[in-house]
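Enquirer: Sharing a structure here in structure tokens format.
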Amino acid sequence: MYASGDDGIIDVYQDNSSKARIHGNGKSYFKGGDVEFTGTILGATGEIKSITSALTLHATSSGMTVIPSGGARTITLPHVASGSGCTFRIIAGSAHQHIVTASNPNVGADNSLIYGHIMDNNNATSAAGAGGTVVAAADKITLNSNCQIGDSITIVGDGTNWYVSGLLKDAPTVA
């Protein structure tokens with residue numbers, strides 16, 4: 001353990017070679033072996049973020065629960081290639097047409113990368129009481145204008161596609 005300017009560095013050595021470094025103001029690394037964390041990992045436990053304007057998510061936001069309110073809000077997912085292992089949850093904080101959209105920084109690239117299934121209550125008008133929406137190669141999911149506060153969808157990325165599941169009052173619009 002030593003100081004580098006005003007920031008500390010902790011190095012772990014094996015056979016006179018640094019295998020792991022925790023750097024106070026630089027790159028930290030682990031070389032070889034497995035890394036295991038137990039207990040609470042701050043920043044990875046799921047920040048809850050209430051929004052009243054559009055939001056672009058980043059891979060570093062993984063685990064975040066987003067609660068849009070105060071009008072229709074657009075939530076843009078990170079580029080799918082950087083989304084491997086990312087999970088986001090969207091919970092409607094107001095009854096508006098909130099939009100979740102995929103993004104691709106390559107101009108003209110296909111953003112149709114969202115797949116899954118969203119269950120809904122058919123706005124409680126169906127005798128059967130429940131329905132569902134298949135999401136196949138979509139780039140945008142819009143909560144219906146009959147959105148209910150508390151409607152929610154969860155989105156998980158694998159680096160190639162985004163996968164959605166959810167429970168809504170009424171069927172979303174998928175495009």
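Convention: chains lettered A, B, ... in structure tokens order; per-chain residue numbering from 1; ligands numbered from 1 as shown.
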Please identify all polymer residues within 12 Å of Thr87 in chain A, counting only C-alpha atoms, omitting same-chain residues fewer than 6 positions from it, and present them as JSON, numbers by chain.

Expert: {"A": [44, 45, 46, 47, 57, 58, 59, 60, 61, 62, 63, 64, 65, 66, 77, 78, 80, 153, 154, 155, 156, 157, 158, 159, 162, 163, 164, 165]}

Enquirer: Might you pull out every residue within 8 Å of Arg73 in chain A, with only C-alpha atoms counted and same-chain residues fewer than 3 positions away left off, and present them as a PDB file with N, CA and C atoms, in the first residue's frame?

Expert:
```pdb
ATOM      1  N   THR A  52     -38.166  13.292 -14.454  1.00  0.00           N
ATOM      2  CA  THR A  52     -39.207  14.160 -14.987  1.00  0.00           C
ATOM      3  C   THR A  52     -38.786  14.734 -16.336  1.00  0.00           C
ATOM      4  N   SER A  53     -37.813  14.079 -16.967  1.00  0.00           N
ATOM      5  CA  SER A  53     -37.389  14.432 -18.321  1.00  0.00           C
ATOM      6  C   SER A  53     -36.819  13.165 -18.953  1.00  0.00           C
ATOM      7  N   ALA A  54     -36.435  13.242 -20.201  1.00  0.00           N
ATOM      8  CA  ALA A  54     -35.886  12.089 -20.901  1.00  0.00           C
ATOM      9  C   ALA A  54     -34.604  11.625 -20.206  1.00  0.00           C
ATOM     10  N   LEU A  55     -34.300  10.328 -20.339  1.00  0.00           N
ATOM     11  CA  LEU A  55     -33.113   9.763 -19.704  1.00  0.00           C
ATOM     12  C   LEU A  55     -32.445   8.792 -20.659  1.00  0.00           C
ATOM     13  N   PRO A  68     -40.424   7.074 -14.257  1.00  0.00           N
ATOM     14  CA  PRO A  68     -40.771   8.292 -14.991  1.00  0.00           C
ATOM     15  C   PRO A  68     -42.119   8.844 -14.529  1.00  0.00           C
ATOM     16  N   SER A  69     -42.210  10.179 -14.447  1.00  0.00           N
ATOM     17  CA  SER A  69     -43.482  10.797 -14.049  1.00  0.00           C
ATOM     18  C   SER A  69     -43.551  12.232 -14.548  1.00  0.00           C
ATOM     19  N   HIS A  96     -48.863   8.038 -18.059  1.00  0.00           N
ATOM     20  CA  HIS A  96     -48.537   8.649 -19.346  1.00  0.00           C
ATOM     21  C   HIS A  96     -47.932   7.612 -20.291  1.00  0.00           C
ATOM     22  N   GLN A  97     -47.791   7.987 -21.537  1.00  0.00           N
ATOM     23  CA  GLN A  97     -47.221   7.105 -22.547  1.00  0.00           C
ATOM     24  C   GLN A  97     -45.693   7.152 -22.512  1.00  0.00           C
ATOM     25  N   HIS A  98     -45.113   6.528 -21.507  1.00  0.00           N
ATOM     26  CA  HIS A  98     -43.664   6.458 -21.385  1.00  0.00           C
ATOM     27  C   HIS A  98     -43.122   5.541 -22.472  1.00  0.00           C
ATOM     28  N   ILE A  99     -41.931   5.875 -22.983  1.00  0.00           N
ATOM     29  CA  ILE A  99     -41.323   5.128 -24.090  1.00  0.00           C
ATOM     30  C   ILE A  99     -39.970   4.593 -23.656  1.00  0.00           C
TER      31      ILE A  99
END
```

Enquirer: Can you tell me, as a count of residues only, what residues are no more than 12 Å from Asn122 in chain A when counting only C-alpha atoms, ignoring any on the same chain fewer than 5 positions away?

Expert: 17

Enquirer: Work out how far apart CA of Cys86 in chain A and CA of Ala137 in chain A are and give it in Å to one decimal.

Expert: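 CA of Cys86 in chain A sits 18.5 Å away from CA of Ala137 in chain A.
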
Enquirer: Mind giving me the straight-line distance from CA of Asp139 in chain A to CA of Leu113 in chain A in Å, one decimal?

Expert: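 Atom-to-atom, CA of Asp139 in chain A to CA of Leu113 in chain A, that is 5.9 Å.
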
Enquirer: Between A:Asn121, A:Ala81, A:Asn111, A:Ala72, which has the minimum distance to Leu143 in chain A (counting only C-alpha atoms)?

Expert: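 Comparing A:Asn121, A:Ala81, A:Asn111, A:Ala72 against Leu143 in chain A, the winner is A:Ala72.
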
Enquirer: Which residues in range 48-167 of chain A does DSSP call strand (DSSP E or B)? List them as a PyMOL selection string.

Expert: chain A and resi 48-51+55-56+65-68+74-79+87-91+99-103+114-120+131-138+140-142+152-157+162-167

Enquirer: At what distance in Å, to one decimal, does CA of Ser28 in chain A lie from CA of Gly85 in chain A?

Expert: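 Separating CA of Gly85 in chain A from CA of Ser28 in chain A is a distance of 20.2 Å.
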